[in-house]
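Accompanying notes for the structure given below.
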Amino acid sequence: MRNNLIQVLQTGGIHRVCVSNIGCSHKNQVKQHDSLYSGIAPFTREQIAALLFNQDSDVIEIFVPPVDQQTNGTDRGVLAIVFATALCYNMDPTSLKFNRWAIRPHLLDSL
């Protein structure tokens, strides 16, 4: 990946995260925006490595900035999409708080 990257990834289970290199200073860095952070899943690491393939380096740095955390077991995909959308609009997901009652209807209207 040579340009800006924003991607929603599955962690290998039922969880989704948003990864992006926006705001990163090197091409081997990425941020994982995760609403239920419990570590970086091996399957997610593999996907990130495939996206950021860099022949000059075999090291990839994954940063996990603090983002709004889900309070239930159902918002994981929705929040990953919300983080990706925020990045597309040049908004920093770390500075945003979301109305849990409004994000699903808003996403549906947007689609």
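By order of appearance in the structure tokens: chains A, B, ..., then residues from 1 within every chain, and ligands from 1 in the order shown.
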Item checked: Contacts of A:Ala84 within 9 Å, only C-alpha atoms, excl. fewer than 2 positions in-chain, as a PyMOL selection string -> chain A and resi 6-8+18-20+33+79-82+86-89+93
Margin query: Report as a VMD selection string all protein, DNA and RNA residues lying within 10 Å of stretch 72-74 of chain A, evaluated on only C-alpha atoms, omitting residues in the same chain fewer than 4 positions from it.
Written below: chain A and resid 14 to 15 36 78 to 79 100
Notebook entry, point to check: Running DSSP on the backbone, which parts of chain A land in strand (DSSP E), as a ChimeraX atom specification?
Noted result: /A:6-10,16-20,29-33,61-63
Checklist line | Nearest to A:Leu107 by atom-to-atom distance, counting only C-alpha atoms, from A:Leu9, A:Gln69, A:Ser35, A:Phe83 | finding: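 Comparing A:Leu9, A:Gln69, A:Ser35, A:Phe83 against A:Leu107, the winner is A:Phe83.
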Excluding A:His26 and any residue of its chain fewer than 4 positions from it, enumerate the residues within 10 Å of it, using only C-alpha atoms, and give them as a compact mmCIF listing (two decimals) with N, CA, C and O atoms, in the first residue's frame.
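Output file around_29.txt is given in full below:
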# COMPACT_ATOMS: atom_id res chain seq x y z
N ASN A 21 -3.63 3.84 7.86
CA ASN A 21 -2.29 4.42 7.97
C ASN A 21 -2.34 5.95 7.96
O ASN A 21 -1.32 6.61 7.92
N VAL A 30 0.64 1.39 11.07
CA VAL A 30 -0.81 1.39 10.90
C VAL A 30 -1.45 1.59 12.27
O VAL A 30 -0.86 1.25 13.30
N ILE A 60 6.35 -4.31 11.00
CA ILE A 60 5.15 -3.47 10.91
C ILE A 60 4.78 -3.04 12.31
O ILE A 60 4.69 -3.87 13.22
N GLU A 61 4.60 -1.75 12.49
CA GLU A 61 4.20 -1.21 13.78
C GLU A 61 2.70 -1.00 13.78
O GLU A 61 2.17 -0.32 12.90
